[in-house]
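With PDB, C-alpha atoms and all ligand atoms inside, this is run.pdb:
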```pdb
MODEL        1
ATOM      1  CA  MET R 142      20.447   3.717  11.605  1.00  0.00           C
ATOM      2  CA  THR R 143      19.217   1.995  14.728  1.00  0.00           C
ATOM      3  CA  HIS R 144      15.791   2.219  16.285  1.00  0.00           C
ATOM      4  CA  SER R 145      14.863   1.801  19.893  1.00  0.00           C
ATOM      5  CA  ARG R 146      12.380  -0.860  20.923  1.00  0.00           C
ATOM      6  CA  ARG R 147       9.971   1.923  21.865  1.00  0.00           C
ATOM      7  CA  GLU R 148      10.172   3.420  18.356  1.00  0.00           C
ATOM      8  CA  LEU R 149       9.639   0.050  16.721  1.00  0.00           C
ATOM      9  CA  LEU R 150       6.722  -0.798  19.049  1.00  0.00           C
ATOM     10  CA  GLY R 151       5.146   2.585  18.352  1.00  0.00           C
ATOM     11  CA  ARG R 152       5.454   2.066  14.619  1.00  0.00           C
ATOM     12  CA  GLY R 153       3.999  -1.435  14.923  1.00  0.00           C
ATOM     13  CA  LEU R 154       0.979  -0.131  16.835  1.00  0.00           C
ATOM     14  CA  LEU R 155       0.556   2.670  14.309  1.00  0.00           C
ATOM     15  CA  LEU R 156       0.591   0.203  11.407  1.00  0.00           C
ATOM     16  CA  ALA R 157      -1.878  -2.089  13.225  1.00  0.00           C
ATOM     17  CA  GLY R 158      -4.169   0.884  13.805  1.00  0.00           C
ATOM     18  CA  LEU R 159      -3.949   1.945  10.179  1.00  0.00           C
ATOM     19  CA  ALA R 160      -4.710  -1.595   9.060  1.00  0.00           C
ATOM     20  CA  ALA R 161      -7.787  -1.732  11.325  1.00  0.00           C
ATOM     21  CA  THR R 162      -8.978   1.651  10.057  1.00  0.00           C
ATOM     22  CA  GLY R 163      -8.389   0.583   6.483  1.00  0.00           C
ATOM     23  CA  SER R 164     -10.313  -2.622   7.095  1.00  0.00           C
ATOM     24  CA  ALA R 165     -13.269  -0.720   8.560  1.00  0.00           C
ATOM     25  CA  ARG R 166     -13.194   1.697   5.629  1.00  0.00           C
ATOM     26  CA  ALA R 167     -13.087  -1.162   3.153  1.00  0.00           C
ATOM     27  CA  GLN R 168     -16.084  -2.809   4.832  1.00  0.00           C
ATOM     28  CA  ASN R 169     -18.012   0.477   4.934  1.00  0.00           C
ATOM     29  CA  ALA R 170     -17.128   1.181   1.330  1.00  0.00           C
ATOM     30  CA  ALA R 171     -18.984  -1.990   0.428  1.00  0.00           C
ATOM     31  CA  CYS R 172     -22.067  -0.688   2.263  1.00  0.00           C
ATOM     32  CA  TYR R 173     -21.868   3.076   1.840  1.00  0.00           C
ATOM     33  CA  ASP R 174     -19.382   5.865   1.373  1.00  0.00           C
ATOM     34  CA  PRO R 175     -19.045   7.859   4.635  1.00  0.00           C
ATOM     35  CA  ALA R 176     -17.616  10.787   2.645  1.00  0.00           C
ATOM     36  CA  THR R 177     -20.875  11.253   0.744  1.00  0.00           C
ATOM     37  CA  LEU R 178     -23.277  11.054   3.686  1.00  0.00           C
ATOM     38  CA  PRO R 179     -25.555  14.097   3.967  1.00  0.00           C
ATOM     39  CA  LEU R 180     -24.979  16.576   6.773  1.00  0.00           C
ATOM     40  CA  SER R 181     -28.079  15.269   8.602  1.00  0.00           C
ATOM     41  CA  GLN R 182     -26.533  11.789   8.768  1.00  0.00           C
ATOM     42  CA  ARG R 183     -23.190  13.134   9.929  1.00  0.00           C
ATOM     43  CA  SER R 184     -24.912  15.104  12.671  1.00  0.00           C
ATOM     44  CA  ARG R 185     -26.922  12.102  13.847  1.00  0.00           C
ATOM     45  CA  ARG R 186     -23.766   9.994  13.937  1.00  0.00           C
ATOM     46  CA  ARG R 187     -21.900  12.592  15.942  1.00  0.00           C
ATOM     47  CA  ALA R 188     -24.795  12.867  18.410  1.00  0.00           C
ATOM     48  CA  VAL R 189     -24.601   9.146  19.230  1.00  0.00           C
ATOM     49  CA  SER R 190     -20.799   8.840  19.075  1.00  0.00           C
ATOM     50  CA  PHE R 191     -20.993   6.539  16.067  1.00  0.00           C
ATOM     51  CA  VAL R 192     -17.766   4.715  15.207  1.00  0.00           C
ATOM     52  CA  GLU R 193     -17.087   2.680  12.091  1.00  0.00           C
ATOM     53  CA  ALA R 194     -15.479  -0.254  13.898  1.00  0.00           C
ATOM     54  CA  SER R 195     -16.587  -1.544  17.289  1.00  0.00           C
ATOM     55  CA  GLY R 196     -13.886  -2.808  19.601  1.00  0.00           C
ATOM     56  CA  ASP R 197     -16.302  -5.352  21.098  1.00  0.00           C
ATOM     57  CA  ALA R 198     -17.608  -8.201  18.947  1.00  0.00           C
ATOM     58  CA  ALA R 199     -20.757  -8.446  21.109  1.00  0.00           C
ATOM     59  CA  VAL R 200     -21.518  -4.720  21.101  1.00  0.00           C
ATOM     60  CA  ARG R 201     -21.965  -3.754  17.469  1.00  0.00           C
ATOM     61  CA  CYS R 202     -24.701  -2.831  15.029  1.00  0.00           C
ATOM     62  CA  GLY R 203     -25.099  -6.442  13.899  1.00  0.00           C
ATOM     63  CA  ASN R 204     -26.271  -7.335  17.424  1.00  0.00           C
ATOM     64  CA  CYS R 205     -28.361  -4.208  17.985  1.00  0.00           C
ATOM     65  CA  ALA R 206     -32.163  -4.068  18.138  1.00  0.00           C
ATOM     66  CA  PHE R 207     -32.174  -0.934  15.960  1.00  0.00           C
ATOM     67  CA  PHE R 208     -30.289  -2.594  13.092  1.00  0.00           C
ATOM     68  CA  THR R 209     -32.062  -3.944   9.995  1.00  0.00           C
ATOM     69  CA  VAL R 210     -30.005  -6.052   7.616  1.00  0.00           C
ATOM     70  CA  THR R 211     -30.317  -5.067   3.966  1.00  0.00           C
ATOM     71  CA  ALA R 212     -27.490  -7.151   2.472  1.00  0.00           C
ATOM     72  CA  ASP R 213     -25.235  -8.688   5.143  1.00  0.00           C
ATOM     73  CA  PRO R 214     -23.116  -7.029   6.563  1.00  0.00           C
ATOM     74  CA  CYS R 215     -24.880  -3.874   5.392  1.00  0.00           C
ATOM     75  CA  GLY R 216     -28.002  -2.481   6.976  1.00  0.00           C
ATOM     76  CA  THR R 217     -29.890   0.517   8.252  1.00  0.00           C
ATOM     77  CA  CYS R 218     -30.470   1.919  11.707  1.00  0.00           C
ATOM     78  CA  SER R 219     -33.694   3.422  13.026  1.00  0.00           C
ATOM     79  CA  ILE R 220     -31.759   5.594  15.486  1.00  0.00           C
ATOM     80  CA  LEU R 221     -29.928   7.035  12.479  1.00  0.00           C
ATOM     81  CA  GLY R 222     -33.281   7.791  10.857  1.00  0.00           C
ATOM     82  CA  GLY R 223     -32.974   4.770   8.594  1.00  0.00           C
ATOM     83  CA  GLY R 224     -29.486   5.780   7.544  1.00  0.00           C
ATOM     84  CA  PRO R 225     -26.956   3.221   6.393  1.00  0.00           C
ATOM     85  CA  THR R 226     -24.579   1.401   8.676  1.00  0.00           C
ATOM     86  CA  GLN R 227     -22.868  -1.945   8.738  1.00  0.00           C
ATOM     87  CA  ALA R 228     -22.679  -4.834  11.196  1.00  0.00           C
ATOM     88  CA  GLY R 229     -19.249  -3.933  12.602  1.00  0.00           C
ATOM     89  CA  ALA R 230     -20.030  -0.334  13.555  1.00  0.00           C
ATOM     90  CA  VAL R 231     -21.458   0.817  16.890  1.00  0.00           C
ATOM     91  CA  CYS R 232     -22.770   3.856  18.724  1.00  0.00           C
ATOM     92  CA  SER R 233     -23.762   4.931  22.229  1.00  0.00           C
ATOM     93  CA  SER R 234     -27.436   3.998  21.621  1.00  0.00           C
ATOM     94  CA  PHE R 235     -26.628   0.310  21.235  1.00  0.00           C
ATOM     95  CA  ALA R 236     -29.390  -1.918  22.602  1.00  0.00           C
ATOM     96  CA  PRO R 237     -28.932  -5.691  22.433  1.00  0.00           C
ATOM     97  CA  LYS R 238     -31.451  -7.613  20.329  1.00  0.00           C
ATOM     98  CA  GLY R 239     -34.120  -9.550  22.151  1.00  0.00           C
ATOM     99  CA  LYS R 240     -34.044  -7.640  25.436  1.00  0.00           C
TER     100      LYS R 240
HETATM  101  S1  LIG R 301     -28.351   2.260  17.458  1.00  0.00           S
HETATM  102 FE1  LIG R 301     -26.134   2.458  17.191  1.00  0.00          FE
HETATM  103  S2  LIG R 301     -25.352   0.376  17.549  1.00  0.00           S
HETATM  104 FE2  LIG R 301     -27.554   0.197  17.139  1.00  0.00          FE
HETATM  105  S3  LIG R 301     -27.710  -0.171  14.909  1.00  0.00           S
HETATM  106 FE3  LIG R 301     -27.876   2.047  15.265  1.00  0.00          FE
HETATM  107  S4  LIG R 301     -25.784   2.838  14.995  1.00  0.00           S
HETATM  108 FE4  LIG R 301     -25.639   0.614  15.335  1.00  0.00          FE
ENDMDL
END
```
Write out the structure in this file as structure tokens.
Ligand code: SF4
Amino acid sequence: MTHSRRELLGRGLLLAGLAATGSARAQNAACYDPATLPLSQRSRRRAVSFVEASGDAAVRCGNCAFFTVTADPCGTCSILGGGPTQAGAVCSSFAPKGK
């Protein structure tokens, strides 16, 4: 069986994406379990387009004014009503620290 370059590239990107998602899940699992968050937290997260893994190292919870570290990289966010997050996540309410 032969595979075209396009098929192989697509599979490579898929595997890279799965690895990144798995990495974000593993990091979050150390801080909190997204599957057990109450409905109020899920709603807040949806409202601010919260994502578990920021694509920009400078724009992430760890660099946000609303983030409070509890046990690095874990913390809480005042925009999320004090709900749990972790340094690598981000949302649309990001505000850089110190500005
Ligand atoms: S406001 Fe958004 S980016 Fe800032 S700490 Fe909260 S969830 Fe993270």
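For the choices R:Ala230, R:Ala194, R:Ala212, R:Cys172, the atom-to-atom distance to ligand LIG 301 (chain R) is smallest for R:Ala230 when using all atoms listed in the file.
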Using all atoms listed in the file, which protein or nucleic acid residues are at most 9 Å from ligand LIG 301 (chain R), as number ranges by chain? R: 186, 189-192, 195, 200-209, 216-221, 223-237
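Atom pair CA of Ala188 (chain R) / CA of Gly239 (chain R) has a distance of 24.6 Å (rounded to one decimal).
The spacing separating CA of Pro214 (chain R) from CA of Lys240 (chain R) amounts to 21.8 Å.
For the pair CA of Lys238 (chain R) and CA of Pro175 (chain R), the separation is 25.3 Å.
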As JSON, what would the box around region 173-180 of chain R look like: edges along x, y and z, 8 Å added on every side, centre and edge lengths in Å to one decimal?
```
{"center_x": -21.6, "center_y": 9.8, "center_z": 3.8, "size_x": 23.9, "size_y": 29.5, "size_z": 22.0}
```
Rank nothing, just name the residue among R:Ala171, R:Ala198, R:Glu193, R:Ser184 nearest to Cys215 (chain R), using only C-alpha atoms. R:Ala171
Export: region 180-211 of chain R, N, CA, C and O atoms, as a PDB file, in the first residue's frame:
```pdb
ATOM      1  N   LEU R 180     -21.287  23.470  35.686  1.00  0.00           N
ATOM      2  CA  LEU R 180     -21.874  24.128  34.520  1.00  0.00           C
ATOM      3  C   LEU R 180     -21.558  25.629  34.515  1.00  0.00           C
ATOM      4  O   LEU R 180     -21.283  26.201  33.455  1.00  0.00           O
ATOM      5  N   SER R 181     -21.551  26.267  35.679  1.00  0.00           N
ATOM      6  CA  SER R 181     -21.261  27.704  35.745  1.00  0.00           C
ATOM      7  C   SER R 181     -19.862  27.997  35.202  1.00  0.00           C
ATOM      8  O   SER R 181     -19.647  28.978  34.486  1.00  0.00           O
ATOM      9  N   GLN R 182     -18.898  27.140  35.521  1.00  0.00           N
ATOM     10  CA  GLN R 182     -17.540  27.336  35.006  1.00  0.00           C
ATOM     11  C   GLN R 182     -17.483  27.093  33.501  1.00  0.00           C
ATOM     12  O   GLN R 182     -16.811  27.816  32.774  1.00  0.00           O
ATOM     13  N   ARG R 183     -18.182  26.104  33.043  1.00  0.00           N
ATOM     14  CA  ARG R 183     -18.184  25.819  31.598  1.00  0.00           C
ATOM     15  C   ARG R 183     -18.795  26.988  30.843  1.00  0.00           C
ATOM     16  O   ARG R 183     -18.314  27.363  29.773  1.00  0.00           O
ATOM     17  N   SER R 184     -19.851  27.554  31.394  1.00  0.00           N
ATOM     18  CA  SER R 184     -20.507  28.687  30.737  1.00  0.00           C
ATOM     19  C   SER R 184     -19.586  29.896  30.690  1.00  0.00           C
ATOM     20  O   SER R 184     -19.476  30.575  29.672  1.00  0.00           O
ATOM     21  N   ARG R 185     -18.932  30.184  31.819  1.00  0.00           N
ATOM     22  CA  ARG R 185     -18.001  31.318  31.848  1.00  0.00           C
ATOM     23  C   ARG R 185     -16.900  31.126  30.813  1.00  0.00           C
ATOM     24  O   ARG R 185     -16.503  32.059  30.124  1.00  0.00           O
ATOM     25  N   ARG R 186     -16.373  29.934  30.727  1.00  0.00           N
ATOM     26  CA  ARG R 186     -15.290  29.640  29.788  1.00  0.00           C
ATOM     27  C   ARG R 186     -15.742  29.810  28.336  1.00  0.00           C
ATOM     28  O   ARG R 186     -15.020  30.362  27.513  1.00  0.00           O
ATOM     29  N   ARG R 187     -16.942  29.357  28.073  1.00  0.00           N
ATOM     30  CA  ARG R 187     -17.477  29.526  26.714  1.00  0.00           C
ATOM     31  C   ARG R 187     -17.633  31.010  26.392  1.00  0.00           C
ATOM     32  O   ARG R 187     -17.316  31.450  25.296  1.00  0.00           O
ATOM     33  N   ALA R 188     -18.109  31.788  27.358  1.00  0.00           N
ATOM     34  CA  ALA R 188     -18.379  33.208  27.135  1.00  0.00           C
ATOM     35  C   ALA R 188     -17.119  33.992  26.784  1.00  0.00           C
ATOM     36  O   ALA R 188     -17.189  35.010  26.102  1.00  0.00           O
ATOM     37  N   VAL R 189     -15.956  33.526  27.256  1.00  0.00           N
ATOM     38  CA  VAL R 189     -14.711  34.244  26.979  1.00  0.00           C
ATOM     39  C   VAL R 189     -13.800  33.444  26.053  1.00  0.00           C
ATOM     40  O   VAL R 189     -12.600  33.705  25.968  1.00  0.00           O
ATOM     41  N   SER R 190     -14.377  32.491  25.338  1.00  0.00           N
ATOM     42  CA  SER R 190     -13.626  31.695  24.353  1.00  0.00           C
ATOM     43  C   SER R 190     -12.353  31.098  24.958  1.00  0.00           C
ATOM     44  O   SER R 190     -11.271  31.152  24.361  1.00  0.00           O
ATOM     45  N   PHE R 191     -12.503  30.547  26.142  1.00  0.00           N
ATOM     46  CA  PHE R 191     -11.370  29.928  26.837  1.00  0.00           C
ATOM     47  C   PHE R 191     -10.856  28.728  26.064  1.00  0.00           C
ATOM     48  O   PHE R 191     -11.627  27.907  25.591  1.00  0.00           O
ATOM     49  N   VAL R 192      -9.530  28.638  25.924  1.00  0.00           N
ATOM     50  CA  VAL R 192      -8.907  27.454  25.320  1.00  0.00           C
ATOM     51  C   VAL R 192      -7.823  26.939  26.260  1.00  0.00           C
ATOM     52  O   VAL R 192      -7.161  27.716  26.955  1.00  0.00           O
ATOM     53  N   GLU R 193      -7.657  25.641  26.264  1.00  0.00           N
ATOM     54  CA  GLU R 193      -6.729  24.998  27.201  1.00  0.00           C
ATOM     55  C   GLU R 193      -5.261  25.263  26.890  1.00  0.00           C
ATOM     56  O   GLU R 193      -4.435  25.214  27.787  1.00  0.00           O
ATOM     57  N   ALA R 194      -4.952  25.526  25.614  1.00  0.00           N
ATOM     58  CA  ALA R 194      -3.555  25.729  25.241  1.00  0.00           C
ATOM     59  C   ALA R 194      -3.436  26.930  24.314  1.00  0.00           C
ATOM     60  O   ALA R 194      -3.928  26.902  23.192  1.00  0.00           O
ATOM     61  N   SER R 195      -2.783  27.977  24.790  1.00  0.00           N
ATOM     62  CA  SER R 195      -2.571  29.164  23.966  1.00  0.00           C
ATOM     63  C   SER R 195      -1.558  28.862  22.867  1.00  0.00           C
ATOM     64  O   SER R 195      -0.590  28.140  23.087  1.00  0.00           O
ATOM     65  N   GLY R 196      -1.763  29.461  21.721  1.00  0.00           N
ATOM     66  CA  GLY R 196      -0.812  29.308  20.631  1.00  0.00           C
ATOM     67  C   GLY R 196       0.270  30.374  20.670  1.00  0.00           C
ATOM     68  O   GLY R 196       1.166  30.380  19.833  1.00  0.00           O
ATOM     69  N   ASP R 197       0.204  31.268  21.652  1.00  0.00           N
ATOM     70  CA  ASP R 197       1.157  32.375  21.757  1.00  0.00           C
ATOM     71  C   ASP R 197       1.754  32.377  23.163  1.00  0.00           C
ATOM     72  O   ASP R 197       1.040  32.578  24.148  1.00  0.00           O
ATOM     73  N   ALA R 198       3.054  32.156  23.251  1.00  0.00           N
ATOM     74  CA  ALA R 198       3.707  32.052  24.558  1.00  0.00           C
ATOM     75  C   ALA R 198       3.578  33.335  25.379  1.00  0.00           C
ATOM     76  O   ALA R 198       3.639  33.290  26.608  1.00  0.00           O
ATOM     77  N   ALA R 199       3.377  34.475  24.717  1.00  0.00           N
ATOM     78  CA  ALA R 199       3.266  35.749  25.443  1.00  0.00           C
ATOM     79  C   ALA R 199       1.837  36.023  25.882  1.00  0.00           C
ATOM     80  O   ALA R 199       1.609  36.778  26.829  1.00  0.00           O
ATOM     81  N   VAL R 200       0.882  35.441  25.180  1.00  0.00           N
ATOM     82  CA  VAL R 200      -0.537  35.686  25.469  1.00  0.00           C
ATOM     83  C   VAL R 200      -1.120  34.422  26.067  1.00  0.00           C
ATOM     84  O   VAL R 200      -1.588  33.527  25.362  1.00  0.00           O
ATOM     85  N   ARG R 201      -1.053  34.328  27.367  1.00  0.00           N
ATOM     86  CA  ARG R 201      -1.520  33.134  28.085  1.00  0.00           C
ATOM     87  C   ARG R 201      -1.823  33.527  29.518  1.00  0.00           C
ATOM     88  O   ARG R 201      -1.380  34.581  29.991  1.00  0.00           O
ATOM     89  N   CYS R 202      -2.536  32.660  30.207  1.00  0.00           N
ATOM     90  CA  CYS R 202      -2.951  32.968  31.581  1.00  0.00           C
ATOM     91  C   CYS R 202      -1.763  33.345  32.470  1.00  0.00           C
ATOM     92  O   CYS R 202      -1.861  34.260  33.286  1.00  0.00           O
ATOM     93  N   GLY R 203      -0.653  32.659  32.304  1.00  0.00           N
ATOM     94  CA  GLY R 203       0.517  32.925  33.144  1.00  0.00           C
ATOM     95  C   GLY R 203       1.008  34.353  33.046  1.00  0.00           C
ATOM     96  O   GLY R 203       1.699  34.836  33.952  1.00  0.00           O
ATOM     97  N   ASN R 204       0.676  35.047  31.966  1.00  0.00           N
ATOM     98  CA  ASN R 204       1.097  36.442  31.770  1.00  0.00           C
ATOM     99  C   ASN R 204      -0.073  37.408  31.896  1.00  0.00           C
ATOM    100  O   ASN R 204       0.046  38.576  31.524  1.00  0.00           O
ATOM    101  N   CYS R 205      -1.179  36.947  32.424  1.00  0.00           N
ATOM    102  CA  CYS R 205      -2.401  37.758  32.471  1.00  0.00           C
ATOM    103  C   CYS R 205      -2.605  38.376  33.860  1.00  0.00           C
ATOM    104  O   CYS R 205      -2.338  37.744  34.890  1.00  0.00           O
ATOM    105  N   ALA R 206      -3.086  39.604  33.870  1.00  0.00           N
ATOM    106  CA  ALA R 206      -3.325  40.331  35.121  1.00  0.00           C
ATOM    107  C   ALA R 206      -4.398  39.672  35.982  1.00  0.00           C
ATOM    108  O   ALA R 206      -4.432  39.893  37.196  1.00  0.00           O
ATOM    109  N   PHE R 207      -5.265  38.874  35.390  1.00  0.00           N
ATOM    110  CA  PHE R 207      -6.361  38.253  36.137  1.00  0.00           C
ATOM    111  C   PHE R 207      -5.981  36.895  36.737  1.00  0.00           C
ATOM    112  O   PHE R 207      -6.786  36.270  37.416  1.00  0.00           O
ATOM    113  N   PHE R 208      -4.763  36.465  36.487  1.00  0.00           N
ATOM    114  CA  PHE R 208      -4.306  35.138  36.918  1.00  0.00           C
ATOM    115  C   PHE R 208      -3.620  35.217  38.276  1.00  0.00           C
ATOM    116  O   PHE R 208      -2.774  36.084  38.500  1.00  0.00           O
ATOM    117  N   THR R 209      -3.971  34.309  39.183  1.00  0.00           N
ATOM    118  CA  THR R 209      -3.304  34.194  40.476  1.00  0.00           C
ATOM    119  C   THR R 209      -2.740  32.794  40.594  1.00  0.00           C
ATOM    120  O   THR R 209      -3.485  31.805  40.527  1.00  0.00           O
ATOM    121  N   VAL R 210      -1.427  32.702  40.757  1.00  0.00           N
ATOM    122  CA  VAL R 210      -0.782  31.397  40.870  1.00  0.00           C
ATOM    123  C   VAL R 210      -1.150  30.767  42.208  1.00  0.00           C
ATOM    124  O   VAL R 210      -1.112  31.429  43.248  1.00  0.00           O
ATOM    125  N   THR R 211      -1.511  29.494  42.159  1.00  0.00           N
ATOM    126  CA  THR R 211      -1.756  28.742  43.398  1.00  0.00           C
ATOM    127  C   THR R 211      -0.610  27.754  43.625  1.00  0.00           C
ATOM    128  O   THR R 211      -0.097  27.666  44.726  1.00  0.00           O
TER     129      THR R 211
END
```
